[in-house]
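Encoded as structure tokens, the structure appears first; notes follow it.
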Amino acid sequence: MIGQNALWARTAAAQAEAVRDGEVSAVELVDSHLERIAEINPQVNAVTQLLAERARKAAAHTDRQRAAGGELGPLAGVPFTVKETTAVEGVPTTLGTARFRDLVAPADAPPVARLRAAGAIPIGHSNMPTLVLAGMHTRSELFGDTVNPWCRNRTPGGSSGGDGVAVATGMAALGLGNDSGGSVRIPASFCGVTGLKPTTGRFPADHRVLGPDDPGPASQMLVTDGPLARTVADLRLAYEALAGTDPQDPRAVPVPLYGDPLPGPVKVALVADPGGHGIHPTVREALAAAADALRDAGYDVQELEDVPRLDEALEAYGRITVTEFAPTWPVVRKLLGEGGDRYIRMAMEKTPPASAAELTRLMGTWLGIRRSWAEFLDAYPLLLGPVFTEPPVEPGLESRDEAGRERVAGGMRLCTVTSFVGVPAVAVPTGAGGGLPSGVQIIGRAFREDLCLAAAQEIEDRLGVLTPIDPRPEASAAAR
């Protein structure tokens, strides 16, 4: 149960402040979260590899630093989960498959190292779809299904679903996921928390899996690590810790965290139904509530019919990624196991790989679409739109059949195109109805995460914070 004074129920900012001020020790804070995990994780199956002793040792080190008069970081003692894709030194990076259960990471991935440097403590790995490729629903071969704490009959989303559930239920104050088409924003929205997909090049990363070879250009450009949190203020703290350059990642650029203020009122384009393919009334209501909140805060919200070149962008995204992925598919298909290959197999059957000439043309199309979006966001510095165009769907819908796959792909279409374009976005809750959370996303110009966070803060200030929550009774047993 959620205690009024439970340490794990506080915001990340409040937890860190309590450790810095000596109100509580970092060990006490970590133990509070470990107790919460012991109580809640059997019901939702979000935390996969618990790092209890490692976390306690890191917390004890923090406490010794404080006792010696050392300066503690902005996230001092704050526990966070790390998606199974992302390396934590000395811990297997399994990607949810039994074949990688012994793939021990020799060093922290750059975002893990950055959060540690800010004082945060990794408390466990978190669940995801097998190899990130088995679908949107968080179900892995190695760890099973993760349950949405709001309703077990609805997916928590993915592929960073374990982090979304862990943060929503108070098992961690922050989650570290990654996003190439909604994988941070969708679980944030489906679990009632906030999530940030940064601009491509804002956060340093290392997404190599086996050996020294880097992934191809699509994977390099589309995948961005991103944090999840219960409040926008906590998301901002994580953003500040994660941004910057790193010699391990030459893509990361030294852009200021905060840009120049824009002359007001800041224009916001509201696009409720990207592409005109339909939107659920509940999602439209969430967008209306967010738009009203922004207008109340002084933003100039103008509803527009559509975003630039959406269908063209979706087609190019599919052709480029399938082309890059096709040579490894025979091996990957075996790793995904029986049934785990259905989601990607349907995409491969629908979208043939491009020839060399076609791929060259598609790369030009990609640049042209990015230009069109830059021009759009020059006129409207912010875009308000859906994260997913309907409420949370049933687990595994996207892998059930072609109709289910098309429905899910259509629902996440604005997430897909904004990952393709490489611009930042913040998912923020707007409320809860019918037992499920609702939310929207604020999309901004490249490297203006600060504008997205500021607008999301205004929405949160007016519409409230939904989590932490205890799992609802109907979500009381994990589907293993």
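Ordered as shown in the structure tokens, chains take letters A, B, and onward, while each chain numbers its residues from 1 and ligands are numbered from 1 in the order shown.
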
Could you pull the residues within 8 Å of segment 305-318 of chain A, counting only C-alpha atoms, minus those fewer than 4 positions along the same chain, as a JSON list (two decimals) with N, CA and C atoms, in the first residue's frame?
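Resulting contents of out08.json:
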```json
[["chain", "number", "residue", "atom", "x", "y", "z"],
["A", 271, "VAL", "N", -2.52, 18.95, -33.71],
["A", 271, "VAL", "CA", -2.93, 18.04, -34.77],
["A", 271, "VAL", "C", -3.50, 16.80, -34.09],
["A", 272, "ALA", "N", -4.80, 16.71, -34.05],
["A", 272, "ALA", "CA", -5.47, 15.64, -33.30],
["A", 272, "ALA", "C", -5.44, 14.30, -34.03],
["A", 273, "ASP", "N", -5.50, 14.32, -35.35],
["A", 273, "ASP", "CA", -5.61, 13.08, -36.13],
["A", 273, "ASP", "C", -4.56, 13.09, -37.24],
["A", 274, "PRO", "N", -3.30, 12.82, -36.91],
["A", 274, "PRO", "CA", -2.26, 12.84, -37.94],
["A", 274, "PRO", "C", -2.56, 11.88, -39.08],
["A", 275, "GLY", "N", -2.48, 12.39, -40.27],
["A", 275, "GLY", "CA", -2.75, 11.57, -41.45],
["A", 275, "GLY", "C", -4.21, 11.36, -41.76],
["A", 276, "GLY", "N", -5.10, 11.78, -40.85],
["A", 276, "GLY", "CA", -6.52, 11.63, -41.08],
["A", 276, "GLY", "C", -7.00, 10.19, -41.06],
["A", 322, "VAL", "N", 13.54, -2.09, -42.95],
["A", 322, "VAL", "CA", 13.49, -3.48, -43.43],
["A", 322, "VAL", "C", 14.72, -3.79, -44.27],
["A", 351, "THR", "N", 6.65, -5.45, -46.66],
["A", 351, "THR", "CA", 7.57, -4.43, -47.17],
["A", 351, "THR", "C", 8.85, -5.08, -47.65],
["A", 362, "LEU", "N", 15.71, 6.75, -51.12],
["A", 362, "LEU", "CA", 15.02, 6.86, -49.84],
["A", 362, "LEU", "C", 15.79, 7.72, -48.85],
["A", 365, "THR", "N", 14.91, 11.10, -49.63],
["A", 365, "THR", "CA", 13.55, 11.36, -49.14],
["A", 365, "THR", "C", 13.58, 11.66, -47.65],
["A", 366, "TRP", "N", 14.37, 10.91, -46.92],
["A", 366, "TRP", "CA", 14.50, 11.11, -45.47],
["A", 366, "TRP", "C", 14.95, 12.54, -45.17],
["A", 369, "ILE", "N", 12.13, 15.03, -45.88],
["A", 369, "ILE", "CA", 11.08, 15.03, -44.85],
["A", 369, "ILE", "C", 11.55, 15.77, -43.61],
["A", 372, "SER", "N", 11.15, 19.40, -44.33],
["A", 372, "SER", "CA", 9.75, 19.83, -44.26],
["A", 372, "SER", "C", 9.32, 20.03, -42.80],
["A", 373, "TRP", "N", 9.77, 19.13, -41.93],
["A", 373, "TRP", "CA", 9.42, 19.27, -40.51],
["A", 373, "TRP", "C", 10.13, 20.47, -39.88],
["A", 376, "PHE", "N", 8.11, 23.37, -40.78],
["A", 376, "PHE", "CA", 6.86, 23.37, -40.02],
["A", 376, "PHE", "C", 7.09, 23.87, -38.59],
["A", 413, "ARG", "N", 1.53, 6.17, -35.07],
["A", 413, "ARG", "CA", 2.09, 6.80, -36.26],
["A", 413, "ARG", "C", 2.81, 8.12, -36.00],
["A", 414, "LEU", "N", 2.32, 8.93, -35.07],
["A", 414, "LEU", "CA", 3.01, 10.20, -34.82],
["A", 414, "LEU", "C", 4.33, 9.96, -34.08],
["A", 416, "THR", "N", 6.20, 7.31, -34.61],
["A", 416, "THR", "CA", 7.10, 6.80, -35.65],
["A", 416, "THR", "C", 7.69, 7.92, -36.47],
["A", 417, "VAL", "N", 6.85, 8.84, -36.92],
["A", 417, "VAL", "CA", 7.36, 9.89, -37.80],
["A", 417, "VAL", "C", 8.28, 10.84, -37.07],
["A", 420, "PHE", "N", 11.60, 9.29, -36.87],
["A", 420, "PHE", "CA", 12.19, 9.37, -38.20],
["A", 420, "PHE", "C", 12.79, 10.74, -38.46]]
```

As an mmCIF file with C-alpha atoms, in the first residue's frame, which residues of segment 336-401 of chain A does DSSP assign to alpha helix (DSSP H)?
```cif
data_model
loop_
_atom_site.group_PDB
_atom_site.id
_atom_site.type_symbol
_atom_site.label_atom_id
_atom_site.label_comp_id
_atom_site.auth_asym_id
_atom_site.auth_seq_id
_atom_site.Cartn_x
_atom_site.Cartn_y
_atom_site.Cartn_z
ATOM 1 C CA LEU A 336 13.114 -14.586 -31.412
ATOM 2 C CA ARG A 342 5.394 -12.833 -35.932
ATOM 3 C CA TYR A 343 5.533 -9.038 -35.581
ATOM 4 C CA ILE A 344 8.654 -8.575 -37.699
ATOM 5 C CA ARG A 345 7.759 -11.388 -40.087
ATOM 6 C CA MET A 346 4.521 -9.646 -41.030
ATOM 7 C CA ALA A 347 6.460 -6.433 -41.684
ATOM 8 C CA MET A 348 9.016 -8.274 -43.828
ATOM 9 C CA GLU A 349 6.269 -9.906 -45.862
ATOM 10 C CA LYS A 350 4.512 -6.605 -46.455
ATOM 11 C CA ALA A 356 20.744 -0.036 -53.746
ATOM 12 C CA ALA A 357 19.304 2.575 -56.094
ATOM 13 C CA GLU A 358 16.010 2.679 -54.188
ATOM 14 C CA LEU A 359 17.831 2.990 -50.872
ATOM 15 C CA THR A 360 19.840 5.927 -52.168
ATOM 16 C CA ARG A 361 16.615 7.626 -53.219
ATOM 17 C CA LEU A 362 15.017 6.861 -49.838
ATOM 18 C CA MET A 363 17.919 8.473 -47.990
ATOM 19 C CA GLY A 364 17.258 11.620 -49.991
ATOM 20 C CA THR A 365 13.554 11.359 -49.139
ATOM 21 C CA TRP A 366 14.505 11.113 -45.468
ATOM 22 C CA LEU A 367 16.455 14.375 -45.624
ATOM 23 C CA GLY A 368 13.612 16.081 -47.485
ATOM 24 C CA ILE A 369 11.076 15.025 -44.852
ATOM 25 C CA ARG A 370 13.350 16.337 -42.098
ATOM 26 C CA ARG A 371 13.538 19.648 -43.965
ATOM 27 C CA SER A 372 9.751 19.829 -44.256
ATOM 28 C CA TRP A 373 9.425 19.269 -40.512
ATOM 29 C CA ALA A 374 12.077 21.882 -39.729
ATOM 30 C CA GLU A 375 10.081 24.401 -41.771
ATOM 31 C CA PHE A 376 6.860 23.368 -40.016
ATOM 32 C CA LEU A 377 8.423 23.737 -36.558
ATOM 33 C CA ASP A 378 9.934 27.064 -37.559
ATOM 34 C CA ALA A 379 6.375 28.361 -37.916
ATOM 35 C CA LEU A 397 -2.544 -7.282 -30.467
ATOM 36 C CA GLU A 398 0.218 -6.315 -32.902
ATOM 37 C CA SER A 399 1.422 -9.909 -33.227
ATOM 38 C CA ARG A 400 -1.984 -11.571 -33.466
#
```

Exercise: segment 48-62 of chain A partners within 7 Å, only C-alpha atoms, chain neighbours under 4 positions left out, as an MDAnalysis selection string: chainID A and resid 26:27 30 66 77 121:127 143

Segment 201-419 of chain A: residues DSSP assigns to strand (DSSP E or B), reported as a PyMOL selection string: chain A and resi 224-229+246+249+267-270+300-303+382-386

Separation of atom CA of Gly431 of chain A from atom CA of Ser419 of chain A, in Å and rounded to one decimal: 25.2 Å

Pairwise distance for atom CA of Arg36 of chain A and atom CA of Pro227 of chain A, rounded to one decimal in Å: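 Calculated distance between atom CA of Arg36 of chain A and atom CA of Pro227 of chain A is 20.6 Å.
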
Quick one: everything within 8 Å of Ala286 of chain A, counting only C-alpha atoms, minus sequence neighbours fewer than 3 positions away in the same chain. Send it as an mmCIF file with N, CA and C atoms, in the first residue's frame.
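See result_19.cif below for the written result:
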```
data_model
loop_
_atom_site.group_PDB
_atom_site.id
_atom_site.type_symbol
_atom_site.label_atom_id
_atom_site.label_comp_id
_atom_site.auth_asym_id
_atom_site.auth_seq_id
_atom_site.Cartn_x
_atom_site.Cartn_y
_atom_site.Cartn_z
ATOM 1 N N THR A 282 -11.656 9.261 -26.682
ATOM 2 C CA THR A 282 -10.942 9.473 -25.421
ATOM 3 C C THR A 282 -9.635 10.212 -25.648
ATOM 4 N N VAL A 283 -8.951 9.878 -26.718
ATOM 5 C CA VAL A 283 -7.685 10.547 -27.023
ATOM 6 C C VAL A 283 -7.942 11.985 -27.464
ATOM 7 N N ALA A 289 -8.094 18.682 -23.491
ATOM 8 C CA ALA A 289 -7.734 19.097 -22.132
ATOM 9 C C ALA A 289 -6.334 19.696 -22.099
ATOM 10 N N ALA A 290 -5.401 19.076 -22.809
ATOM 11 C CA ALA A 290 -4.038 19.599 -22.855
ATOM 12 C C ALA A 290 -3.993 20.949 -23.566
ATOM 13 N N THR A 430 -2.655 13.240 -18.938
ATOM 14 C CA THR A 430 -3.706 14.265 -18.871
ATOM 15 C C THR A 430 -4.834 13.881 -17.927
ATOM 16 N N GLY A 431 -4.823 12.653 -17.409
ATOM 17 C CA GLY A 431 -5.896 12.216 -16.523
ATOM 18 C C GLY A 431 -6.120 10.731 -16.666
ATOM 19 N N SER A 438 -4.668 8.481 -19.578
ATOM 20 C CA SER A 438 -4.616 9.089 -20.908
ATOM 21 C C SER A 438 -3.464 10.082 -20.923
ATOM 22 N N GLY A 439 -2.985 10.401 -22.123
ATOM 23 C CA GLY A 439 -1.868 11.322 -22.224
ATOM 24 C C GLY A 439 -1.688 11.841 -23.632
ATOM 25 N N VAL A 440 -0.785 12.785 -23.769
ATOM 26 C CA VAL A 440 -0.477 13.425 -25.050
ATOM 27 C C VAL A 440 1.035 13.554 -25.160
#
```

Shell of 12 Å around Glu35 of chain A, only C-alpha atoms, local chain residues under 3 positions omitted, as a PyMOL selection string: chain A and resi 1+6-8+28-32+38-42+50+52+123+170-172

Point-to-point distance from atom CA of Leu294 of chain A to atom CA of Tyr258 of chain A, Å rounded to tenths: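 Between atom CA of Leu294 of chain A and atom CA of Tyr258 of chain A the gap works out to 20.1 Å.
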
Nearest to Pro254 of chain A, chosen from A:Gly385, A:Arg64, A:Ala14, A:Phe447, with only C-alpha atoms counted in the distances: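 Among A:Gly385, A:Arg64, A:Ala14, A:Phe447, it is A:Phe447 that comes nearest to Pro254 of chain A.
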
Gly195 of chain A surroundings by only C-alpha atoms, 9 Å radius, close-in-sequence under 6 positions cut, as a list in words: Gly164, Val184, Arg185, Ile186, Pro187, Ala188, Ser189, Gly226, Pro227, Leu228, Ala229, Arg230, Val232, Leu235, Ala425, Val426, Ala427 and Val428 of chain A

Within 9 Å of Gly444 of chain A using only C-alpha atoms, minus same-chain residues under 3 positions, as a PyMOL selection string: chain A and resi 377+380-383+423-426+447-452

Pick from A:Ala288, A:Ala87, A:Arg154, A:Arg333 nearest to Asp206 of chain A, counting only C-alpha atoms: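 Once distances to Asp206 of chain A are computed over only C-alpha atoms, the minimum belongs to A:Ala87.
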
Nearest to Pro204 of chain A by atom-to-atom distance, counting only C-alpha atoms, from A:Arg251, A:Arg445, A:Arg319, A:Arg236: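 So, comparing all the options, the nearest one is A:Arg251.
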